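Undergrad: This is the content of input.cif (mmCIF, C-alpha atoms):
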data_work
loop_
_atom_site.label_atom_id
_atom_site.label_comp_id
_atom_site.auth_asym_id
_atom_site.auth_seq_id
_atom_site.Cartn_x
_atom_site.Cartn_y
_atom_site.Cartn_z
CA MET S 1 164.23 -80.53 94.68
CA LYS S 2 165.06 -82.44 91.50
CA LYS S 3 162.63 -83.17 88.68
CA ASN S 4 164.56 -85.42 86.30
CA ASN S 5 167.62 -83.26 85.58
CA LEU S 6 165.89 -80.07 86.61
CA GLN S 7 166.68 -78.06 89.72
CA GLN S 8 164.34 -75.57 91.39
CA ALA S 9 165.08 -71.98 92.44
CA THR S 10 163.16 -69.24 94.24
CA VAL S 11 164.05 -65.52 94.14
CA GLY S 12 162.39 -62.17 94.73
CA GLY S 13 163.54 -58.82 93.42
CA GLY S 14 160.64 -56.45 93.96
CA CYS S 15 157.43 -56.98 92.04
CA PHE S 16 157.22 -60.58 90.89
CA TRP S 17 156.02 -59.46 87.44
CA CYS S 18 159.45 -57.90 86.80
CA THR S 19 161.46 -60.86 88.03
CA GLU S 20 159.21 -63.32 86.20
CA ALA S 21 159.58 -61.45 82.88
CA VAL S 22 163.38 -61.53 83.06
CA VAL S 23 163.81 -65.13 84.22
CA GLN S 24 161.27 -66.48 81.70
CA ARG S 25 163.59 -65.38 78.91
CA LEU S 26 166.59 -67.39 80.09
CA LYS S 27 167.47 -70.57 78.25
CA GLY S 28 167.07 -73.71 80.31
CA VAL S 29 164.42 -72.14 82.56
CA THR S 30 160.88 -73.56 82.67
CA ASN S 31 157.76 -73.50 84.84
CA VAL S 32 158.15 -69.94 86.15
CA VAL S 33 155.48 -69.33 88.80
CA SER S 34 154.81 -66.07 90.65
CA GLY S 35 154.02 -66.35 94.34
CA TYR S 36 154.95 -65.50 97.91
CA ALA S 37 157.36 -66.83 100.51
CA GLY S 38 159.04 -65.84 103.73
CA GLY S 39 156.12 -64.57 105.77
CA THR S 40 155.16 -64.98 109.37
CA VAL S 41 151.40 -65.35 108.94
CA PRO S 42 150.33 -68.99 108.55
CA GLY S 43 148.22 -70.17 105.65
CA HIS S 44 147.98 -69.09 102.03
CA PRO S 45 148.07 -65.28 101.96
CA THR S 46 146.04 -63.26 99.47
CA TYR S 47 147.55 -60.64 97.18
CA ARG S 48 145.76 -57.93 99.18
CA GLU S 49 147.27 -59.25 102.43
CA ILE S 50 150.75 -59.36 100.87
CA CYS S 51 150.38 -55.78 99.57
CA SER S 52 149.59 -54.60 103.10
CA GLY S 53 153.14 -55.53 104.09
CA LEU S 54 151.83 -57.02 107.33
CA THR S 55 152.34 -60.72 106.52
CA GLY S 56 156.11 -60.56 106.05
CA HIS S 57 155.94 -62.42 102.74
CA ALA S 58 158.01 -61.37 99.75
CA GLU S 59 156.78 -61.41 96.17
CA VAL S 60 158.90 -64.15 94.57
CA ILE S 61 159.09 -66.43 91.60
CA GLN S 62 159.81 -70.13 91.70
CA PHE S 63 161.06 -71.95 88.63
CA ASP S 64 162.83 -74.99 87.31
CA TYR S 65 166.10 -74.85 85.40
CA ASP S 66 168.34 -77.33 83.65
CA PRO S 67 171.86 -77.00 85.09
CA THR S 68 173.32 -78.54 81.93
CA VAL S 69 171.99 -75.50 80.01
CA ILE S 70 172.31 -72.66 82.54
CA THR S 71 173.94 -72.66 85.95
CA TYR S 72 172.43 -71.43 89.18
CA ALA S 73 175.27 -68.89 89.40
CA GLU S 74 174.42 -67.55 85.92
CA ILE S 75 170.76 -67.21 86.86
CA LEU S 76 171.64 -65.42 90.10
CA THR S 77 174.04 -63.08 88.30
CA VAL S 78 171.27 -62.06 85.90
CA PHE S 79 168.86 -61.71 88.83
CA MET S 80 171.28 -59.61 90.88
CA THR S 81 172.02 -57.24 88.00
CA THR S 82 168.50 -56.71 86.67
CA HIS S 83 167.10 -55.26 89.90
CA ASP S 84 168.64 -53.06 92.60
CA PRO S 85 169.90 -55.36 95.37
CA THR S 86 171.17 -52.39 97.39
CA THR S 87 167.81 -50.95 98.43
CA LEU S 88 166.18 -52.42 101.50
CA ASN S 89 162.52 -53.30 101.04
CA ARG S 90 162.16 -51.27 97.87
CA GLN S 91 162.37 -51.50 94.11
CA GLY S 92 161.61 -48.24 92.33
CA ALA S 93 158.24 -46.94 93.50
CA ASP S 94 157.34 -50.27 95.15
CA ARG S 95 158.02 -50.04 98.88
CA GLY S 96 157.61 -52.54 101.70
CA THR S 97 159.02 -55.84 102.91
CA GLN S 98 157.05 -57.64 100.21
CA TYR S 99 159.39 -56.04 97.63
CA ARG S 100 162.66 -57.02 99.29
CA SER S 101 165.52 -58.56 97.39
CA VAL S 102 165.75 -62.19 98.45
CA ILE S 103 167.22 -65.51 97.41
CA PHE S 104 165.48 -68.48 99.02
CA TYR S 105 167.84 -71.43 98.74
CA HIS S 106 166.64 -75.02 98.40
CA ASN S 107 169.85 -76.65 99.65
CA GLU S 108 173.27 -75.80 101.08
CA GLU S 109 174.90 -75.75 97.64
CA GLN S 110 172.49 -73.04 96.49
CA LYS S 111 173.17 -71.09 99.69
CA GLU S 112 176.93 -71.17 99.06
CA GLN S 113 176.51 -70.19 95.41
CA ALA S 114 174.19 -67.32 96.35
CA GLU S 115 176.74 -65.97 98.81
CA GLN S 116 179.51 -66.27 96.18
CA VAL S 117 177.46 -64.47 93.51
CA ILE S 118 176.57 -61.66 95.90
CA LYS S 119 180.23 -61.23 96.77
CA ALA S 120 181.21 -61.26 93.07
CA VAL S 121 178.63 -58.69 91.91
CA GLN S 122 179.18 -56.34 94.87
CA GLU S 123 181.97 -54.64 92.89
CA TYR S 124 179.35 -53.35 90.43
CA TYR S 125 177.46 -51.48 93.14
CA GLU S 126 178.52 -48.44 95.12
CA ASP S 127 176.23 -49.28 98.04
CA PRO S 128 176.29 -52.56 99.96
CA ILE S 129 174.06 -55.36 98.69
CA VAL S 130 171.21 -56.06 101.12
CA THR S 131 169.77 -59.15 99.42
CA GLU S 132 168.47 -61.61 101.98
CA VAL S 133 169.69 -65.20 101.63
CA SER S 134 167.40 -67.58 103.51
CA GLU S 135 166.28 -71.19 103.43
CA LEU S 136 163.09 -71.61 101.43
CA PRO S 137 160.03 -71.62 103.65
CA THR S 138 156.62 -72.54 102.22
CA PHE S 139 156.00 -71.17 98.73
CA TYR S 140 152.49 -69.99 97.95
CA GLU S 141 151.43 -69.64 94.31
CA ALA S 142 149.83 -66.33 93.35
CA THR S 143 146.47 -66.32 91.57
CA GLN S 144 146.29 -66.88 87.82
CA GLU S 145 145.92 -63.15 87.06
CA HIS S 146 149.49 -62.66 88.36
CA GLN S 147 151.03 -65.45 86.26
CA ASP S 148 152.80 -64.63 82.99
CA TYR S 149 151.84 -61.00 83.58
CA TYR S 150 154.31 -59.24 81.32
CA ASN S 151 153.71 -61.56 78.39
CA GLU S 152 149.94 -61.04 78.69
CA ASN S 153 150.03 -57.28 79.36
CA ARG S 154 153.00 -55.81 77.47
CA LEU S 155 151.17 -52.61 76.53
CA GLN S 156 150.11 -51.88 80.11
CA GLY S 157 151.85 -48.78 81.50
CA TYR S 158 153.71 -50.59 84.30
CA CYS S 159 155.09 -53.11 81.83
CA ARG S 160 156.28 -50.44 79.41
CA VAL S 161 157.84 -48.16 82.02
CA VAL S 162 159.23 -50.64 84.57
CA ILE S 163 159.67 -54.04 82.92
CA ASP S 164 160.68 -53.10 79.35
CA PRO S 165 163.96 -51.50 80.57
CA LYS S 166 164.82 -54.68 82.50
CA ILE S 167 164.24 -56.77 79.37
CA ALA S 168 166.38 -54.34 77.35
CA LYS S 169 169.19 -54.67 79.92
CA LEU S 170 168.89 -58.46 79.78
CA LYS S 171 169.19 -58.40 75.98
CA LYS S 172 172.14 -56.01 76.08
CA TYR S 173 174.28 -57.78 78.67
CA TYR S 174 173.10 -61.38 78.65
CA GLU S 175 172.24 -62.16 75.04
CA HIS S 176 174.16 -65.44 75.31
CA LEU S 177 171.80 -66.63 78.08
CA ILE S 178 168.51 -65.76 76.38
CA ALA S 179 166.37 -68.52 74.94
CA SER S 180 165.77 -68.27 71.23
#
Turn the structure described in the file into structure tokens.
TA:
Amino acid sequence: MKKNNLQQATVGGGCFWCTEAVVQRLKGVTNVVSGYAGGTVPGHPTYREICSGLTGHAEVIQFDYDPTVITYAEILTVFMTTHDPTTLNRQGADRGTQYRSVIFYHNEEQKEQAEQVIKAVQEYYEDPIVTEVSELPTFYEATQEHQDYYNENRLQGYCRVVIDPKIAKLKKYYEHLIAS
């Protein structure tokens, strides 16, 4: 989907708070929204339903980006290296299909780029990458309390222990892609 020059992307790498915090800091990225996609239960699922693991939805973020500022491949490389894409249905202590590593593509070009990035970053991992690459189904926006979570709750324990190290890694390896 195009909005002026903007493109849209949807990814999930465990808890959406972590993925949101990283992607929000990339230059050229706007309108980052936490939500859910990829489930089998019809209708807008609740956070409690998602957490049960019974709906099949993944916690994801959807965002716009300007491809003249940052490429989809650059975004996916950051995404693939700031979470563990080799663990099936798990990120750290978070376990269940809702925490799977997933790239939901919006068009065939994104699908091809996702497959290329996965192949390129595989050399950095000892175990095989298990990131799902699927066409975007319906995206459901999470409630307001889940939006902009890290920025609003930086002193919360989860943010300090789980998200801060991801931000530090982003700053260390991808300083050239961070918005000023």
Undergrad: Using the chain letters and numbering of this document, enumerate as a PDB file with C-alpha atoms, in the frame of the given file the residues selected by the PyMOL selection byres ((chain S and resi 11) around 7).
TA:
ATOM      1  CA  ALA S   9     165.080 -71.980  92.440  1.00  0.00           C
ATOM      2  CA  THR S  10     163.160 -69.240  94.240  1.00  0.00           C
ATOM      3  CA  GLY S  12     162.390 -62.170  94.730  1.00  0.00           C
ATOM      4  CA  GLY S  13     163.540 -58.820  93.420  1.00  0.00           C
ATOM      5  CA  VAL S  60     158.900 -64.150  94.570  1.00  0.00           C
ATOM      6  CA  ILE S  61     159.090 -66.430  91.600  1.00  0.00           C
ATOM      7  CA  GLN S  62     159.810 -70.130  91.700  1.00  0.00           C
ATOM      8  CA  VAL S 102     165.750 -62.190  98.450  1.00  0.00           C
ATOM      9  CA  ILE S 103     167.220 -65.510  97.410  1.00  0.00           C
ATOM     10  CA  PHE S 104     165.480 -68.480  99.020  1.00  0.00           C
TER      11      PHE S 104
END
Undergrad: Nearest residue to Val130 in chain S out of S:Asn89, S:Thr81, S:Ser34, S:Thr68, using all atoms listed in the file?
TA: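 For Val130 in chain S, the nearest of the candidates is S:Asn89.
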Undergrad: Restricting the calculation to only C-alpha atoms, which member of S:Gly39, S:Pro165, S:Pro85, S:Pro45 is positioned closest to Gln122 in chain S?
TA: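 When distances to Gln122 in chain S are compared using only C-alpha atoms, the smallest one comes from S:Pro85.
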Undergrad: Translate the PyMOL selection byres ((chain S and resi 86) around 6) into a concrete residue list for this structure, as a list in words.
TA: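 On the file shown, the PyMOL selection byres ((chain S and resi 86) around 6) covers Asp84, Pro85, Thr87, Asp127, Pro128, Ile129 and Val130 of chain S.
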Undergrad: Which one of S:Tyr47, S:Tyr72, S:Tyr149, S:Tyr174 sits closest to Asn107 in chain S if you count all atoms listed in the file?
TA: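 Looking at the shortest contact to Asn107 in chain S, the residue is S:Tyr72.
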Undergrad: Counting all atoms listed in the file, which residues sit no farther than 6 Å from the position (169.2, -78.4, 85.7) in the file's frame? I'd like them as a PyMOL selection string.
TA: chain S and resi 5-7+65-68
Undergrad: May I ask for the distance between CA of Ile50 in chain S and CA of Val22 in chain S, given in Å to one decimal place?
TA: 21.9 Å
Undergrad: Which one of S:Lys111, S:Lys172, S:Arg25, S:His106 sits closest to Ala73 in chain S if you count all atoms listed in the file?
TA: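 Residue with the minimum atom-to-atom distance to Ala73 in chain S: S:Lys111.
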Undergrad: Mind listing whatever residues come within 12 Å of the point (158.2, -50.3, 84.2)? Use only C-alpha atoms, file coordinates, and give them as a ChimeraX atom specification.
TA: /S:14-15,17-19,21,83,91-94,150,153-168
Undergrad: Taking the file as shown, what set of residues would the PyMOL selection byres ((chain S and resi 27) around 6) give back, as a ChimeraX atom specification?
TA: /S:26,28-29,177-179
Undergrad: Quick test: take range 81-176 of chain S, keep C-alpha atoms, and write it as a short mmCIF file (atom, residue, chain, number, x, y, z; two decimals), in the first residue's frame.
TA:
data_model
loop_
_atom_site.label_atom_id
_atom_site.label_comp_id
_atom_site.auth_asym_id
_atom_site.auth_seq_id
_atom_site.Cartn_x
_atom_site.Cartn_y
_atom_site.Cartn_z
CA THR S 81 19.37 -8.90 13.91
CA THR S 82 17.65 -7.28 16.89
CA HIS S 83 15.62 -10.35 17.84
CA ASP S 84 16.37 -14.08 17.67
CA PRO S 85 14.90 -15.38 14.40
CA THR S 86 16.13 -18.92 15.15
CA THR S 87 13.73 -19.75 17.98
CA LEU S 88 10.33 -21.07 17.02
CA ASN S 89 7.45 -19.37 18.82
CA ARG S 90 9.67 -17.80 21.45
CA GLN S 91 11.62 -14.68 22.27
CA GLY S 92 13.38 -14.80 25.62
CA ALA S 93 10.85 -15.67 28.32
CA ASP S 94 7.90 -15.01 25.99
CA ARG S 95 6.62 -18.31 24.63
CA GLY S 96 3.80 -19.16 22.24
CA THR S 97 2.79 -18.70 18.62
CA GLN S 98 1.90 -15.09 19.36
CA TYR S 99 5.64 -14.40 19.81
CA ARG S 100 6.81 -15.99 16.57
CA SER S 101 9.22 -14.29 14.23
CA VAL S 102 7.27 -13.25 11.15
CA ILE S 103 7.43 -10.97 8.14
CA PHE S 104 4.02 -10.27 6.62
CA TYR S 105 4.63 -9.02 3.10
CA HIS S 106 2.34 -6.54 1.36
CA ASN S 107 3.38 -7.42 -2.20
CA GLU S 108 5.58 -9.84 -4.15
CA GLU S 109 8.55 -7.46 -4.11
CA GLN S 110 8.52 -7.42 -0.31
CA LYS S 111 8.27 -11.21 -0.28
CA GLU S 112 11.34 -11.53 -2.50
CA GLN S 113 13.31 -9.01 -0.44
CA ALA S 114 12.36 -10.76 2.79
CA GLU S 115 13.61 -14.08 1.44
CA GLN S 116 16.86 -12.44 0.28
CA VAL S 117 17.47 -10.75 3.65
CA ILE S 118 16.84 -13.99 5.53
CA LYS S 119 19.31 -15.78 3.28
CA ALA S 120 21.89 -12.99 3.75
CA VAL S 121 21.68 -12.84 7.56
CA GLN S 122 21.63 -16.62 8.03
CA GLU S 123 25.45 -16.58 8.10
CA TYR S 124 25.31 -14.67 11.40
CA TYR S 125 23.35 -17.43 13.13
CA GLU S 126 24.47 -20.91 14.07
CA ASP S 127 20.93 -22.29 14.03
CA PRO S 128 18.57 -22.10 11.05
CA ILE S 129 16.32 -19.05 10.81
CA VAL S 130 12.67 -19.98 11.37
CA THR S 131 11.10 -16.61 10.54
CA GLU S 132 7.77 -17.07 8.82
CA VAL S 133 7.28 -15.14 5.57
CA SER S 134 3.58 -14.85 4.73
CA GLU S 135 1.21 -12.59 2.85
CA LEU S 136 -0.35 -9.99 5.14
CA PRO S 137 -3.75 -11.07 6.39
CA THR S 138 -5.97 -8.63 8.28
CA PHE S 139 -4.06 -6.38 10.69
CA TYR S 140 -5.76 -5.56 13.98
CA GLU S 141 -4.57 -2.56 15.97
CA ALA S 142 -3.82 -3.18 19.65
CA THR S 143 -5.42 -0.95 22.29
CA GLN S 144 -3.91 2.43 23.11
CA GLU S 145 -2.17 1.13 26.26
CA HIS S 146 0.05 -1.02 23.99
CA GLN S 147 1.03 1.82 21.64
CA ASP S 148 4.35 3.62 22.09
CA TYR S 149 4.93 1.41 25.13
CA TYR S 150 8.68 1.73 25.53
CA ASN S 151 8.70 5.49 25.10
CA GLU S 152 5.97 5.84 27.74
CA ASN S 153 7.35 3.26 30.21
CA ARG S 154 11.15 3.31 29.97
CA LEU S 155 11.66 2.79 33.70
CA GLN S 156 9.39 -0.26 33.83
CA GLY S 157 11.35 -3.46 34.56
CA TYR S 158 10.52 -5.19 31.26
CA CYS S 159 11.70 -2.16 29.31
CA ARG S 160 14.96 -1.91 31.21
CA VAL S 161 15.81 -5.62 31.11
CA VAL S 162 14.48 -6.67 27.69
CA ILE S 163 14.14 -3.61 25.45
CA ASP S 164 17.10 -1.46 26.56
CA PRO S 165 19.63 -4.07 25.30
CA LYS S 166 17.91 -4.13 21.89
CA ILE S 167 18.14 -0.34 21.67
CA ALA S 168 21.81 -0.51 22.69
CA LYS S 169 22.46 -3.07 19.93
CA LEU S 170 20.65 -0.85 17.43
CA LYS S 171 22.82 2.13 18.41
CA LYS S 172 26.01 0.08 18.26
CA TYR S 173 25.53 -1.57 14.87
CA TYR S 174 23.08 0.65 13.02
CA GLU S 175 23.91 4.20 14.07
CA HIS S 176 23.77 5.29 10.41
#
